[in-house]
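Colleague: My structure is below; once you've seen it, I'll send some questions.
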Amino acid sequence: MTTMMLTALIAKDFKGYFANRFFALVTVLSLVAFTGLYFLLPKTVDETLALGLVLAGAPPALEAELSNADEVRIARFATSEELQAAILAGDLPVGFVFPDDLAAQLQAGTQPQVALFLAPDVPPEFVSIYEVALQEFVFLILGQELPIEVTETVLGPDMAGAQIAPRQRMLPLLVVFILMVECLGLASLIASEVEGGTIRALLVTPLTMRGLFLAKGIFGSLFAFAQAALLLLLTGGLATQPLLNLLALLAGATMVTGVAFLIASVGRDLMSVMGWGILAMLLLALPTLSLLIPGLTSNWMRLIPSHYLVDTLFRTLNFEAGWREVGANLLVLLAYAAVLMTIGTLTLQRRFR
Amino acid sequence: MPIPSIIAEQLVYRYGSLLAVDQISFQVASGEIFGFLGPNGAGKSTTVKMLTGQLRPQAGQITILGIDVARHPKRMQARIGVCFELTNLYETMSGAENLHLFARLFGVRSFDADALLRRVGLDGRGKDKVEGYSKGMKQRLMIARALVNQPDVLFLDEPTEGLDPTSAQAIRHVIREEQMRGATIFLTTHDMHEADLLCDRVAFLDRGTIVALDTPHTLKQQYGQRMVYVEVLAPDGTLQRREIMLDRADTPAEVAALLQGEQVVTLHSAEATLEDIFIRITGRGLAS
């Protein structure tokens, strides 16, 4: 396998990829659309503290105090059920429900129970803040600290750790999607070469099967990597930990190239490649759902290779995680990329033989 | 016989329980055009796949240009050219781009695609995408692709199948040019007429075995029957056809009687075709 052969094959695949108008269009459109989508999504998080309150018989002075608060928006509800419904509807992140006989309980010297209802995406560290806020609130009502018992209830799935701007949350998902678009394109390209018999023509030259797959692997990985890197570059994703993110993308691109080989080995034509490709895309996109809905994160999701790409990007892009924090992720991702590439290559070689 | 370019010894290949190639052996001399003839399913393509290194024989040995194909397939493939039966070009690339790609795969550094395209009658069409070519043009480009490395052995699988007479003639011309250059040509076909026109020797393949192998002339001598076809004008004014077998003791007398007693309109001799001989040897036609 000479450099001349390698470059000839890569140039041929590049031309072949863009000769397919569908994939050429999808490649350009997805990059533009995903970049546009990123910028269309909100870039800030609302910092106003909003909370719901069920408190019967609050004194007028307290009402005035509550309405004058600048950074606290309090919504009053008549019943606990109404407050819970508002939280579930996404109107409020948190709500307190005081017992109707609060004054009587305090007079009797018993410990009142205050219910704290939380939306699923309230980060765990915020719960204690709300508890402190509740104590302050009780102090405001009664003018003194009193022991109260707080019961916490998370409504819906627990989405801990979600105070991230939506577009930052979406970015790893967009990266996975753009990698999968390239994966489908490559799988289709290979399937069309098998279907058209051009592979046979290539293999009666000095080109070896190993050389052919090396060229396809390099083309697929670099092309997918370039697309994903461009997306991160355009969205500012390379501003922090660029090397780490680029390495993660390269591993991810290699991984999807292996998946493309697998798809091409089972797909007989464009339609079957699409069918298998969409299945793979859904599977690989699953871990990104855990970013959108943190409560969905399950241990089994860690079996999906893309989890380690998504998790790495999510943590570096949003929490400034470094090599130490995501190093293990990267290692697993690289191992998955190597395994999938090996399996994909062997399976595809078997088909050619 | 000159030094053989191709030596096939006791080749065997099975697809499951189907014995496609059954212990065939032959040699092709350097610079020879060798026709490999037989009906569909006779084992021609399987044999060519083994010769070109696409399939590994389950038994037997192949030596091409002195190279053991099983041990050094890539070394052998660097010196051969293969033109497939079915078109397998990169349709979205131009004709010249197709040729340049394969030239680079063969490591040919100074390559003149235009000259090669001109040789196969595609001058001026090199920049056009292959998807816009006619079937004949594609076939000519396939031939050109097989020639990019100036191969010592050229494998051609049904090179003129389904082509118009002009395209077929152009391809035959290139084949003869390659022979003049010194290349060995291995021509697979079920077109007996084409084999007769081009081949120095032919092998008849039937059900995985070689049933006859010689020059077309010798085969005709050995198996064919020469005939004289005569058209005479009958008393009622209609043309009647008579056939007289040559090479028999009474043939001269029969011809003389015909010339004296009948009004002869046309008279010509004809020898058996390769197809006639194939049918005679195998008992079945090429279409079966």
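Numbering starts fresh at 1 for the residues of each chain in the structure tokens, the chains themselves are lettered A, B, ... in the order given, and ligands are numbered from 1 as they appear.
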Please list as a PDB file with all heavy atoms, in the first residue's frame every residue within 9 Å of Arg226 (chain B), counting only C-alpha atoms and excluding residues in the same chain fewer than 5 positions away.

Modeller:
ATOM      1  N   LYS B 220     -11.743 -27.649 -36.535  1.00  0.00           N
ATOM      2  CA  LYS B 220     -12.643 -27.778 -37.679  1.00  0.00           C
ATOM      3  C   LYS B 220     -12.259 -28.970 -38.543  1.00  0.00           C
ATOM      4  O   LYS B 220     -13.108 -29.699 -39.060  1.00  0.00           O
ATOM      5  CB  LYS B 220     -12.614 -26.487 -38.521  1.00  0.00           C
ATOM      6  CG  LYS B 220     -13.326 -25.329 -37.851  1.00  0.00           C
ATOM      7  CD  LYS B 220     -13.069 -24.059 -38.625  1.00  0.00           C
ATOM      8  CE  LYS B 220     -13.586 -22.856 -37.873  1.00  0.00           C
ATOM      9  NZ  LYS B 220     -13.193 -21.608 -38.528  1.00  0.00           N
ATOM     10  N   GLN B 221     -10.940 -29.116 -38.700  1.00  0.00           N
ATOM     11  CA  GLN B 221     -10.455 -30.265 -39.466  1.00  0.00           C
ATOM     12  C   GLN B 221     -10.846 -31.577 -38.801  1.00  0.00           C
ATOM     13  O   GLN B 221     -11.258 -32.543 -39.457  1.00  0.00           O
ATOM     14  CB  GLN B 221      -8.925 -30.202 -39.576  1.00  0.00           C
ATOM     15  CG  GLN B 221      -8.392 -29.076 -40.448  1.00  0.00           C
ATOM     16  CD  GLN B 221      -8.590 -29.365 -41.919  1.00  0.00           C
ATOM     17  OE1 GLN B 221      -8.337 -30.479 -42.374  1.00  0.00           O
ATOM     18  NE2 GLN B 221      -9.089 -28.382 -42.658  1.00  0.00           N
ATOM     19  N   ILE B 244     -23.869 -30.616 -50.718  1.00  0.00           N
ATOM     20  CA  ILE B 244     -22.988 -31.735 -51.073  1.00  0.00           C
ATOM     21  C   ILE B 244     -21.846 -31.784 -50.066  1.00  0.00           C
ATOM     22  O   ILE B 244     -21.172 -30.759 -49.821  1.00  0.00           O
ATOM     23  CB  ILE B 244     -22.413 -31.565 -52.493  1.00  0.00           C
ATOM     24  CG1 ILE B 244     -23.558 -31.468 -53.495  1.00  0.00           C
ATOM     25  CG2 ILE B 244     -21.451 -32.692 -52.838  1.00  0.00           C
ATOM     26  CD1 ILE B 244     -23.110 -31.075 -54.897  1.00  0.00           C
ATOM     27  N   MET B 245     -21.656 -32.916 -49.448  1.00  0.00           N
ATOM     28  CA  MET B 245     -20.574 -33.058 -48.475  1.00  0.00           C
ATOM     29  C   MET B 245     -19.245 -33.190 -49.203  1.00  0.00           C
ATOM     30  O   MET B 245     -19.132 -33.960 -50.157  1.00  0.00           O
ATOM     31  CB  MET B 245     -20.797 -34.283 -47.595  1.00  0.00           C
ATOM     32  CG  MET B 245     -22.011 -34.121 -46.684  1.00  0.00           C
ATOM     33  SD  MET B 245     -22.320 -35.579 -45.698  1.00  0.00           S
ATOM     34  CE  MET B 245     -21.061 -35.413 -44.476  1.00  0.00           C
ATOM     35  N   LEU B 246     -18.259 -32.416 -48.735  1.00  0.00           N
ATOM     36  CA  LEU B 246     -16.928 -32.502 -49.312  1.00  0.00           C
ATOM     37  C   LEU B 246     -16.153 -33.640 -48.644  1.00  0.00           C
ATOM     38  O   LEU B 246     -16.615 -34.221 -47.654  1.00  0.00           O
ATOM     39  CB  LEU B 246     -16.182 -31.173 -49.113  1.00  0.00           C
ATOM     40  CG  LEU B 246     -16.623 -30.012 -50.023  1.00  0.00           C
ATOM     41  CD1 LEU B 246     -15.883 -28.738 -49.623  1.00  0.00           C
ATOM     42  CD2 LEU B 246     -16.327 -30.329 -51.470  1.00  0.00           C
ATOM     43  N   ASP B 247     -14.976 -33.904 -49.187  1.00  0.00           N
ATOM     44  CA  ASP B 247     -14.053 -34.885 -48.601  1.00  0.00           C
ATOM     45  C   ASP B 247     -14.596 -36.309 -48.648  1.00  0.00           C
ATOM     46  O   ASP B 247     -14.238 -37.147 -47.808  1.00  0.00           O
ATOM     47  CB  ASP B 247     -13.681 -34.511 -47.155  1.00  0.00           C
ATOM     48  CG  ASP B 247     -13.206 -33.086 -47.046  1.00  0.00           C
ATOM     49  OD1 ASP B 247     -12.434 -32.655 -47.927  1.00  0.00           O
ATOM     50  OD2 ASP B 247     -13.631 -32.385 -46.096  1.00  0.00           O
ATOM     51  N   SER B 269     -18.567 -23.011 -51.029  1.00  0.00           N
ATOM     52  CA  SER B 269     -18.206 -24.014 -50.015  1.00  0.00           C
ATOM     53  C   SER B 269     -18.265 -23.358 -48.640  1.00  0.00           C
ATOM     54  O   SER B 269     -18.173 -22.136 -48.517  1.00  0.00           O
ATOM     55  CB  SER B 269     -16.786 -24.539 -50.277  1.00  0.00           C
ATOM     56  OG  SER B 269     -15.869 -23.477 -50.125  1.00  0.00           O
ATOM     57  N   ALA B 270     -18.434 -24.164 -47.614  1.00  0.00           N
ATOM     58  CA  ALA B 270     -18.454 -23.647 -46.235  1.00  0.00           C
ATOM     59  C   ALA B 270     -17.889 -24.704 -45.316  1.00  0.00           C
ATOM     60  O   ALA B 270     -18.084 -25.909 -45.540  1.00  0.00           O
ATOM     61  CB  ALA B 270     -19.882 -23.301 -45.823  1.00  0.00           C
ATOM     62  N   GLU B 271     -17.154 -24.198 -44.302  1.00  0.00           N
ATOM     63  CA  GLU B 271     -16.637 -25.151 -43.319  1.00  0.00           C
ATOM     64  C   GLU B 271     -17.489 -25.054 -42.058  1.00  0.00           C
ATOM     65  O   GLU B 271     -18.229 -24.081 -41.870  1.00  0.00           O
ATOM     66  CB  GLU B 271     -15.173 -24.875 -43.021  1.00  0.00           C
ATOM     67  CG  GLU B 271     -14.920 -23.503 -42.439  1.00  0.00           C
ATOM     68  CD  GLU B 271     -13.435 -23.242 -42.242  1.00  0.00           C
ATOM     69  OE1 GLU B 271     -12.623 -24.141 -42.520  1.00  0.00           O
ATOM     70  OE2 GLU B 271     -13.099 -22.143 -41.811  1.00  0.00           O
ATOM     71  N   ALA B 272     -17.343 -26.032 -41.207  1.00  0.00           N
ATOM     72  CA  ALA B 272     -18.134 -26.055 -39.974  1.00  0.00           C
ATOM     73  C   ALA B 272     -17.724 -24.883 -39.079  1.00  0.00           C
ATOM     74  O   ALA B 272     -16.574 -24.455 -39.101  1.00  0.00           O
ATOM     75  CB  ALA B 272     -17.898 -27.366 -39.236  1.00  0.00           C
TER      76      ALA B 272
END

Colleague: List as a Markdown table every residue of chain B that is in contact with chain A, defined as an atom at most 10 Å from one of its atoms (using only C-alpha atoms), together with the nearest atom pair and the distance in Å rounded to one decimal, sorted by chain and then rising number.

Modeller:
| residue | atom | partner | partner_atom | distance |
| --- | --- | --- | --- | --- |
| B:Lys49 | CA | A:Val204 | CA | 9.6 |
| B:Thr52 | CA | A:Val204 | CA | 6.8 |
| B:Gly53 | CA | A:Val204 | CA | 7.1 |
| B:Gln54 | CA | A:Val204 | CA | 7.0 |
| B:Leu55 | CA | A:Arg353 | CA | 8.4 |
| B:Pro73 | CA | A:Pro206 | CA | 8.4 |
| B:Lys74 | CA | A:Pro206 | CA | 4.9 |
| B:Arg75 | CA | A:Pro206 | CA | 6.9 |
| B:Met76 | CA | A:Pro206 | CA | 8.3 |
| B:Gln77 | CA | A:Thr205 | CA | 5.4 |
| B:Ala78 | CA | A:Pro206 | CA | 5.1 |
| B:Arg79 | CA | A:Thr205 | CA | 8.7 |
| B:Ile80 | CA | A:Thr205 | CA | 8.1 |
| B:Gly81 | CA | A:Val204 | CA | 8.1 |
| B:Val82 | CA | A:Val204 | CA | 7.3 |
| B:Cys83 | CA | A:Ala201 | CA | 8.5 |
| B:Phe84 | CA | A:Ala201 | CA | 8.0 |
| B:Leu86 | CA | A:Gly197 | CA | 8.1 |
| B:Thr87 | CA | A:Gly197 | CA | 7.9 |
| B:Asn88 | CA | A:Thr198 | CA | 4.9 |
| B:Leu89 | CA | A:Thr198 | CA | 6.1 |
| B:Tyr90 | CA | A:Thr198 | CA | 6.9 |
| B:Glu91 | CA | A:Gly196 | CA | 9.2 |
| B:Thr92 | CA | A:Ala19 | CA | 6.1 |
| B:Met93 | CA | A:Gly16 | CA | 7.7 |
| B:Glu97 | CA | A:Lys12 | CA | 8.9 |
| B:Asn98 | CA | A:Lys12 | CA | 9.1 |
| B:His100 | CA | A:Ala8 | CA | 8.7 |
| B:Leu101 | CA | A:Ala8 | CA | 6.0 |
| B:Phe102 | CA | A:Leu202 | CA | 7.8 |
| B:Ala103 | CA | A:Met5 | CA | 9.3 |
| B:Arg104 | CA | A:Met5 | CA | 5.8 |
| B:Leu105 | CA | A:Met5 | CA | 4.9 |
| B:Phe106 | CA | A:Pro206 | CA | 6.2 |
| B:Gly107 | CA | A:Met4 | CA | 7.2 |
| B:Val108 | CA | A:Met4 | CA | 9.7 |
| B:Arg109 | CA | A:Met4 | CA | 9.2 |
| B:Met142 | CA | A:Ala201 | CA | 10.0 |
| B:Arg145 | CA | A:Ala201 | CA | 9.6 |
| B:Ala146 | CA | A:Ala201 | CA | 9.4 |
| B:Asn149 | CA | A:Thr205 | CA | 9.6 |

Colleague: Using only C-alpha atoms, which protein or nucleic acid residues come within 7 Å of Thr316 (chain A)? Drop anything in the same chain fewer than 5 positions from it, and give the result as a ChimeraX atom specification.

Modeller: /A:241,321-322

Colleague: Could you please take those selected residues and save N, CA, C and O atoms as a compact mmCIF listing (two decimals), in the first residue's frame?

Modeller:
# COMPACT_ATOMS: atom_id res chain seq x y z
N GLN A 241 -10.83 23.37 26.44
CA GLN A 241 -10.27 22.03 26.25
C GLN A 241 -10.30 21.59 24.78
O GLN A 241 -10.84 20.53 24.45
N ALA A 321 -14.62 20.37 32.52
CA ALA A 321 -13.91 19.17 32.97
C ALA A 321 -12.62 19.02 32.17
O ALA A 321 -12.55 19.40 31.00
N GLY A 322 -11.60 18.51 32.81
CA GLY A 322 -10.31 18.36 32.15
C GLY A 322 -9.96 16.90 31.94
O GLY A 322 -10.80 16.00 32.09

Colleague: Would you mind reading off the distance between CA of Leu92 (chain A) and CA of Arg76 (chain A), one decimal, in Å?

Modeller: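 Separating CA of Leu92 (chain A) from CA of Arg76 (chain A) is a distance of 11.2 Å.
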
Colleague: Counting only C-alpha atoms, figure out which residue out of A:Gly217, A:Gly185, A:Pro172, A:Gly211 gets nearest to His307 (chain A).

Modeller: A:Pro172

Colleague: What's around Ala195 (chain B) at 12 Å? Count only C-alpha atoms, leave out sequence neighbours fewer than 2 positions away in its own chain, and write the answer as a count of residues only.

Modeller: 35

Colleague: Give me, as a PyMOL selection string, all polymer residues having an atom no more than 10 Å from Gln227 (chain A), counting only C-alpha atoms and skipping those fewer than 5 positions away in the same chain.

Modeller: chain A and resi 27-28+30-31+175+178-179+181-182+222+232-233+249+253

Colleague: Got a sec: who's within 7 Å of region 261-263 of chain A, counting only C-alpha atoms, leaving out chain neighbours fewer than 4 positions off, as a ChimeraX atom specification?

Modeller: /A:187,257,267,273,276-277,344-345,347-348
